[in-house]
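Student: So here's query22.cif, just mmCIF, C-alpha atoms:
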```
data_protein
#
loop_
_atom_site.label_atom_id
_atom_site.label_comp_id
_atom_site.auth_asym_id
_atom_site.auth_seq_id
_atom_site.Cartn_x
_atom_site.Cartn_y
_atom_site.Cartn_z
CA MET D 188 -171.34 67.05 34.37
CA ALA D 189 -173.01 70.47 34.10
CA ASN D 190 -172.77 73.03 36.85
CA TYR D 191 -175.75 75.18 37.71
CA GLN D 192 -175.87 78.62 39.21
CA ALA D 193 -177.68 78.32 42.53
CA MET D 194 -181.26 79.49 42.76
CA THR D 195 -181.78 80.06 39.05
CA GLN D 196 -184.49 78.58 36.84
CA GLU D 197 -181.91 76.22 35.30
CA TRP D 198 -180.89 75.01 38.74
CA LEU D 199 -184.55 74.41 39.62
CA GLU D 200 -185.05 72.48 36.38
CA ALA D 201 -182.03 70.30 37.17
CA TRP D 202 -183.45 69.61 40.62
CA LYS D 203 -186.86 68.83 39.16
CA GLN D 204 -185.31 66.36 36.69
CA LYS D 205 -183.37 64.68 39.51
CA ILE D 206 -186.58 64.19 41.48
CA ALA D 207 -188.62 63.11 38.46
CA GLY D 208 -185.98 60.51 37.62
CA SER D 209 -185.88 58.98 41.06
CA LYS D 210 -187.90 55.79 41.41
CA GLU D 211 -187.21 55.82 45.12
CA TYR D 212 -188.73 59.29 45.38
CA GLN D 213 -191.82 58.22 43.44
CA GLU D 214 -192.38 55.38 45.90
CA ILE D 215 -191.69 57.40 49.05
CA ALA D 216 -193.75 60.40 47.92
CA LYS D 217 -196.82 58.59 46.69
CA ASN D 218 -198.93 60.17 49.45
CA TRP D 219 -197.51 63.71 49.24
CA GLU D 220 -199.83 66.41 47.95
CA GLY D 221 -198.92 70.03 47.64
CA SER D 222 -196.47 72.78 46.99
CA VAL D 223 -193.48 73.98 48.95
CA SER D 224 -191.98 77.45 48.67
CA ILE D 225 -188.47 78.29 49.69
CA ILE D 226 -187.68 81.84 50.68
CA VAL D 227 -184.03 82.84 50.73
CA ASN D 228 -183.51 85.95 52.82
CA PRO D 229 -181.39 88.71 51.29
CA ASP D 230 -177.67 88.66 51.99
CA PRO D 231 -175.97 91.37 49.89
CA GLU D 232 -172.49 90.50 51.16
CA ARG D 233 -172.83 87.04 49.67
CA GLY D 234 -174.35 88.09 46.36
CA ILE D 235 -178.03 87.92 47.31
CA PRO D 236 -179.15 91.57 47.09
CA GLU D 237 -182.82 90.77 47.57
CA ALA D 238 -184.96 87.88 48.71
CA ILE D 239 -185.32 84.94 46.32
CA TYR D 240 -188.59 83.03 46.10
CA LEU D 241 -188.68 79.46 44.80
CA PHE D 242 -191.93 77.59 44.21
CA THR D 243 -191.92 73.79 43.92
CA ASP D 244 -194.98 71.60 43.51
CA TYR D 245 -195.37 67.86 44.11
CA TRP D 246 -198.27 65.50 43.61
CA HIS D 247 -198.28 61.81 44.54
CA GLY D 248 -194.76 61.11 43.39
CA GLU D 249 -194.86 63.46 40.42
CA VAL D 250 -193.27 66.86 40.15
CA ARG D 251 -195.13 69.83 38.74
CA ASP D 252 -194.07 73.49 38.58
CA PHE D 253 -190.58 74.44 39.74
CA LEU D 254 -190.36 78.20 39.42
CA ILE D 255 -188.50 81.27 40.49
CA CYS D 256 -191.42 83.42 41.55
CA ASP D 257 -192.49 86.52 43.44
CA LYS D 258 -193.45 86.81 47.08
CA ALA D 259 -197.19 86.63 46.38
CA LYS D 260 -196.85 83.34 44.49
CA ALA D 261 -194.52 81.90 47.11
CA GLU D 262 -197.04 82.59 49.83
CA THR D 263 -199.70 80.55 48.07
CA ALA D 264 -197.78 77.33 48.70
CA LYS D 265 -199.08 74.72 51.12
CA PHE D 266 -195.77 74.97 52.95
CA VAL D 267 -193.46 77.96 53.12
CA MET D 268 -189.92 77.49 54.36
CA SER D 269 -187.70 80.49 54.93
CA GLY D 270 -184.17 81.10 56.07
CA ASP D 271 -180.92 82.87 55.45
CA TYR D 272 -178.86 82.16 52.35
CA VAL D 273 -176.05 80.58 54.37
CA ARG D 274 -178.45 78.11 55.96
CA TRP D 275 -179.95 77.03 52.64
CA LYS D 276 -176.48 76.63 51.23
CA GLN D 277 -175.50 74.43 54.20
CA VAL D 278 -178.63 72.32 53.69
CA ALA D 279 -177.99 71.97 49.94
CA LYS D 280 -174.38 70.96 50.63
CA LYS D 281 -175.51 68.48 53.29
CA GLU D 282 -173.55 70.32 55.94
CA VAL D 283 -176.68 70.83 58.03
CA ASP D 284 -179.67 68.56 58.48
CA SER D 285 -182.86 70.43 57.62
CA THR D 286 -184.77 68.99 60.58
CA LYS D 287 -182.02 70.13 62.88
CA ALA D 288 -182.05 73.59 61.30
CA LEU D 289 -185.80 73.81 61.92
CA MET D 290 -185.43 72.84 65.55
CA GLN D 291 -182.72 75.43 66.00
CA GLY D 292 -184.87 78.10 64.40
CA LYS D 293 -182.36 78.57 61.59
CA LEU D 294 -185.08 77.64 59.11
CA LYS D 295 -188.75 78.43 59.63
CA LEU D 296 -191.74 76.50 58.39
CA LYS D 297 -195.26 77.76 57.80
CA GLY D 298 -197.81 75.01 57.23
CA ASP D 299 -199.09 71.83 58.82
CA LEU D 300 -196.11 70.53 60.77
CA THR D 301 -197.76 67.18 61.46
CA TYR D 302 -198.03 66.57 57.70
CA VAL D 303 -194.34 67.31 57.25
CA VAL D 304 -193.32 65.00 60.11
CA ARG D 305 -195.61 62.27 58.76
CA ASN D 306 -193.86 62.60 55.40
CA ILE D 307 -190.36 63.36 56.63
CA LYS D 308 -188.85 60.68 54.36
CA THR D 309 -190.22 62.53 51.35
CA VAL D 310 -188.76 65.82 52.55
CA ASN D 311 -185.38 64.23 53.22
CA LYS D 312 -185.32 62.53 49.82
CA VAL D 313 -186.05 65.79 47.98
CA ILE D 314 -183.19 67.44 49.86
CA ASP D 315 -180.86 64.50 49.20
CA LEU D 316 -181.54 64.89 45.48
CA LEU D 317 -180.84 68.62 45.69
CA CYS D 318 -177.48 67.80 47.25
CA GLU D 319 -176.57 65.76 44.15
CA ILE D 320 -176.70 68.81 41.86
CA ASP D 321 -173.37 70.41 41.00
CA THR D 322 -174.10 73.90 42.19
CA VAL D 323 -172.16 77.12 41.72
CA TRP D 324 -172.87 79.40 44.66
CA PRO D 325 -172.87 83.19 44.38
CA ASP D 326 -170.22 83.50 47.09
CA GLY D 327 -168.08 80.59 45.95
CA PRO D 328 -167.69 76.96 47.11
CA MET F 121 -207.52 74.70 71.78
CA ASP F 122 -206.53 77.99 73.39
CA GLY F 123 -204.99 77.53 76.79
CA LEU F 124 -204.08 73.88 76.38
CA VAL F 125 -200.41 74.62 75.91
CA ASP F 126 -198.57 77.27 77.87
CA ASN F 127 -195.23 77.70 76.14
CA ARG F 128 -192.94 79.49 78.58
CA ALA F 129 -189.90 78.70 76.46
CA ALA F 130 -190.74 80.90 73.50
CA GLU F 131 -187.04 81.69 73.09
CA VAL F 132 -186.36 78.01 72.32
CA PRO F 133 -187.38 77.14 68.71
CA PHE F 134 -187.76 73.45 69.57
CA ALA F 135 -190.34 74.35 72.23
CA GLY F 136 -192.36 76.21 69.61
CA ILE F 137 -192.22 73.18 67.34
CA ILE F 138 -193.49 70.89 70.11
CA ALA F 139 -196.29 73.32 70.97
CA GLU F 140 -197.37 73.67 67.35
CA LEU F 141 -197.10 69.98 66.60
CA LEU F 142 -199.09 68.99 69.65
CA THR F 143 -201.78 71.64 69.21
CA THR F 144 -202.31 70.71 65.55
CA ASN F 145 -202.33 67.01 66.39
CA LEU F 146 -204.95 67.46 69.12
CA MET F 147 -207.11 69.55 66.77
CA GLN F 148 -206.93 66.91 64.04
CA HIS F 149 -207.40 63.88 66.32
CA ARG F 150 -209.96 64.47 69.04
CA GLU F 151 -209.32 61.02 70.51
CA LYS F 152 -205.80 62.20 71.37
CA LEU F 153 -207.28 65.14 73.25
CA ALA F 154 -208.97 62.74 75.66
CA VAL F 155 -205.59 61.10 76.32
CA PHE F 156 -203.95 64.49 76.74
CA ARG F 157 -206.58 65.52 79.31
CA ARG F 158 -205.69 62.50 81.45
CA MET F 159 -201.95 63.10 81.49
CA GLN F 160 -200.17 63.86 84.73
CA GLY F 161 -196.41 64.06 84.97
CA VAL F 162 -193.24 65.75 83.86
CA VAL F 163 -191.18 64.80 80.82
CA ALA F 164 -187.91 66.30 79.62
CA ILE F 165 -186.52 66.09 76.10
CA ASP F 166 -182.80 66.67 75.80
CA LEU F 167 -181.27 67.16 72.35
CA ALA F 168 -177.58 67.39 73.16
CA ASP F 169 -176.46 67.87 69.55
CA ILE F 170 -178.23 71.23 69.34
CA GLU F 171 -177.75 72.01 73.04
CA THR F 172 -181.48 72.25 73.57
CA ALA F 173 -183.67 70.81 76.29
CA VAL F 174 -187.27 71.42 77.24
CA THR F 175 -189.46 70.21 80.07
CA LEU F 176 -193.09 69.29 79.47
CA ASP F 177 -195.25 69.49 82.57
CA PHE F 178 -198.63 67.82 82.08
CA GLN F 179 -201.06 68.73 84.83
CA ASP F 180 -204.86 69.03 85.01
CA GLY F 181 -205.43 68.71 81.29
CA ARG F 182 -202.86 71.34 80.32
CA LEU F 183 -199.23 71.39 79.27
CA ARG F 184 -196.63 73.88 80.42
CA ILE F 185 -193.37 73.97 78.47
CA GLU F 186 -190.24 75.23 80.19
CA ALA F 187 -186.76 75.78 78.79
CA GLY F 188 -184.11 73.36 80.04
CA ILE F 189 -184.58 70.43 82.37
CA VAL F 190 -186.64 71.69 85.27
CA GLY F 191 -187.12 69.77 88.51
CA VAL F 192 -187.00 65.96 88.50
CA PRO F 193 -188.88 64.72 85.41
CA ALA F 194 -190.42 61.26 85.52
CA LEU F 195 -189.12 60.66 81.99
CA ILE F 196 -186.06 62.10 80.31
CA ILE F 197 -185.72 61.43 76.59
CA ARG F 198 -182.18 61.93 75.33
CA THR F 199 -181.51 61.82 71.63
CA THR F 200 -180.56 64.02 68.66
CA ALA F 201 -182.58 66.54 66.67
CA ASP F 202 -182.77 64.37 63.56
CA ARG F 203 -183.93 61.31 65.52
CA VAL F 204 -186.52 62.83 67.83
CA THR F 205 -189.03 63.05 64.97
CA ASP F 206 -188.79 59.27 64.57
CA LEU F 207 -190.73 59.05 67.83
CA ASN F 208 -193.55 61.07 66.23
CA THR F 209 -193.94 58.51 63.46
CA LEU F 210 -194.77 55.59 65.74
CA ARG F 211 -198.21 54.19 65.07
CA ILE F 212 -200.51 53.50 67.99
CA VAL F 213 -202.30 50.16 67.86
CA GLY F 214 -204.67 49.13 70.61
CA GLY F 215 -203.51 52.09 72.66
CA LEU F 216 -199.86 51.04 72.54
CA PRO F 217 -196.89 52.03 70.36
CA TRP F 218 -196.58 49.56 67.47
CA CYS F 219 -193.08 48.19 66.98
CA LEU F 220 -193.66 45.76 64.14
CA ASP F 221 -193.74 48.19 61.22
CA GLU F 222 -190.81 50.14 59.73
CA ALA F 223 -191.20 53.15 62.02
CA GLY F 224 -191.52 50.96 65.09
CA ARG F 225 -188.48 48.87 64.21
CA LYS F 226 -186.48 52.04 63.64
CA VAL F 227 -187.32 53.39 67.10
CA ALA F 228 -186.67 49.99 68.68
CA ALA F 229 -183.24 49.95 67.02
CA HIS F 230 -182.53 53.46 68.30
CA LEU F 231 -183.39 52.31 71.83
CA LEU F 232 -181.33 49.13 71.61
CA ARG F 233 -178.29 50.95 70.27
CA GLY F 234 -178.57 53.84 72.71
CA ARG F 235 -179.30 56.42 70.03
CA VAL F 236 -182.47 57.22 71.94
CA ARG F 237 -182.34 56.87 75.71
CA ILE F 238 -185.41 57.20 77.89
CA ALA F 239 -184.73 57.42 81.59
CA GLY F 240 -187.77 56.34 83.60
CA MET F 241 -189.40 54.32 80.83
CA PHE F 242 -189.81 51.23 83.02
CA ALA F 243 -190.97 53.15 86.07
CA HIS F 244 -193.48 55.29 84.16
CA PRO F 245 -194.80 53.24 81.22
CA LEU F 246 -198.26 54.83 81.28
CA LEU F 247 -196.89 58.35 80.98
CA LEU F 248 -194.59 57.25 78.14
CA THR F 249 -197.41 55.50 76.29
CA ARG F 250 -199.67 58.52 76.61
CA LEU F 251 -196.87 60.86 75.51
CA THR F 252 -196.26 58.70 72.46
CA THR F 253 -199.97 58.67 71.70
CA ILE F 254 -200.44 62.43 71.76
CA MET F 255 -197.21 63.15 69.88
CA SER F 256 -197.71 60.51 67.19
CA VAL F 257 -198.70 62.10 63.89
CA MET F 258 -199.63 58.78 62.30
#
```
Mind turning the file's structure into structure tokens?
Tutor:
Amino acid sequence: MANYQAMTQEWLEAWKQKIAGSKEYQEIAKNWEGSVSIIVNPDPERGIPEAIYLFTDYWHGEVRDFLICDKAKAETAKFVMSGDYVRWKQVAKKEVDSTKALMQGKLKLKGDLTYVVRNIKTVNKVIDLLCEIDTVWPDGP
Amino acid sequence: MDGLVDNRAAEVPFAGIIAELLTTNLMQHREKLAVFRRMQGVVAIDLADIETAVTLDFQDGRLRIEAGIVGVPALIIRTTADRVTDLNTLRIVGGLPWCLDEAGRKVAAHLLRGRVRIAGMFAHPLLLTRLTTIMSVM
């Protein structure tokens, strides 16, 4: 199975394909509308010299654009989630539950929180699928 | 909606989430605002897994949020961070939490298995029902 460098366009494409290929996701996410940006705060010591902006877009069980983007594009998303590199890595490795990270303030969310809670199964499924990708992290395993 | 929620636990991220969730919910569902206005009582939510607790003091149509468990709350909800949002997904039918759909069965199972514990639920059913109503995002 292929390995993907974390937070690259290829990694995003692999994630997108995972989601697009999931029948369970299509069923769970049939009511979800809108984009989600992920902002990874800089962490030079771990190989992240500057912030990374990821833009992902979802529409009623389908997946649209999955892009590495700039700050301006990221901020156009319906939801913007931000956090340190180590937190995102923990989420992607299933070492930390994203809901828990939000409640601890380790991740921050900008957008309609009630919508996210209403669709928490969709959010969790997208993250579960991310966890299935064989990822090579800038600072190692 | 200004002044409805007085968050005195700004240093606790979970308190900010409750304040934002509730404020947005009341803005989007005016019928919940009427329920909120009638609430009187103190509720604590204790999430031991993230070592976080907040106290929600409903008085005179306003909510004050304090860090930790303050005083003697009528209700104390003890659960984990990943399960507390399950309570927000309960549907309200006829003014009562609905336990016959997937979300309701999930919460019922949490209660039966002790994954969610609510001290005071039998002594203060009205407060619990109203809390569920205003916090439900469904």
Student: Could you spell out the hits of the PyMOL selection byres ((chain D) within 8 of (chain F)) on the shown file, as a short mmCIF file (atom, residue, chain, number, x, y, z; two decimals) with C-alpha atoms, keeping the file's coordinate frame?
Tutor:
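Contents of the output file selection-v5.cif:
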```cif
data_model
loop_
_atom_site.label_atom_id
_atom_site.label_comp_id
_atom_site.auth_asym_id
_atom_site.auth_seq_id
_atom_site.Cartn_x
_atom_site.Cartn_y
_atom_site.Cartn_z
CA ASP D 284 -179.67 68.56 58.48
CA THR D 286 -184.77 68.99 60.58
CA LYS D 287 -182.02 70.13 62.88
CA LEU D 289 -185.80 73.81 61.92
CA MET D 290 -185.43 72.84 65.55
CA GLN D 291 -182.72 75.43 66.00
CA GLY D 292 -184.87 78.10 64.40
CA ASP D 299 -199.09 71.83 58.82
CA LEU D 300 -196.11 70.53 60.77
CA THR D 301 -197.76 67.18 61.46
CA TYR D 302 -198.03 66.57 57.70
CA VAL D 304 -193.32 65.00 60.11
CA ARG D 305 -195.61 62.27 58.76
#
```
Student: Show me, as a PyMOL selection string, the residues that have an atom within 12 Å of stretch 124-129 of chain F when counting all atoms listed in the file, minus same-chain residues fewer than 6 positions from it.
Tutor: chain F and resi 135-144+146-147+153+156-157+172-190
Student: Let me know the residues the PyMOL selection byres ((chain D and resi 215-228) around 6) catches in the file above, as a count of residues only.
Tutor: 26
Student: Enter the distance from atom CA of F:Arg158 to atom CA of F:His230, in Å, rounded to one decimal.
Tutor: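 Pair atom CA of F:Arg158 / atom CA of F:His230 returns 28.1 Å.
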Student: Pick out the residues sitting within 10 Å of D:Ala193, and hand them over as number ranges by chain; count all atoms listed in the file, and ignore anything fewer than 3 positions along from it in its own chain.
Tutor: D: 190, 196-199, 276, 279, 320-325
Student: Near D:Ile206, counting all atoms listed in the file, which residues have an atom at most 10 Å away, once you skip same-chain residues fewer than 5 positions from it, shown as an MDAnalysis selection string?
Tutor: chainID D and resid 200:201 211:213 245 248:250 312:317
Student: Let me have the centre and edge lengths in Å, one decimal, of the box along x, y and z around every listed atom of stretch 220-237 of chain D with 6 Å of margin on each side, as JSON.
Tutor:
```
{"center_x": -186.2, "center_y": 79.0, "center_z": 49.6, "size_x": 39.3, "size_y": 37.2, "size_z": 18.5}
```
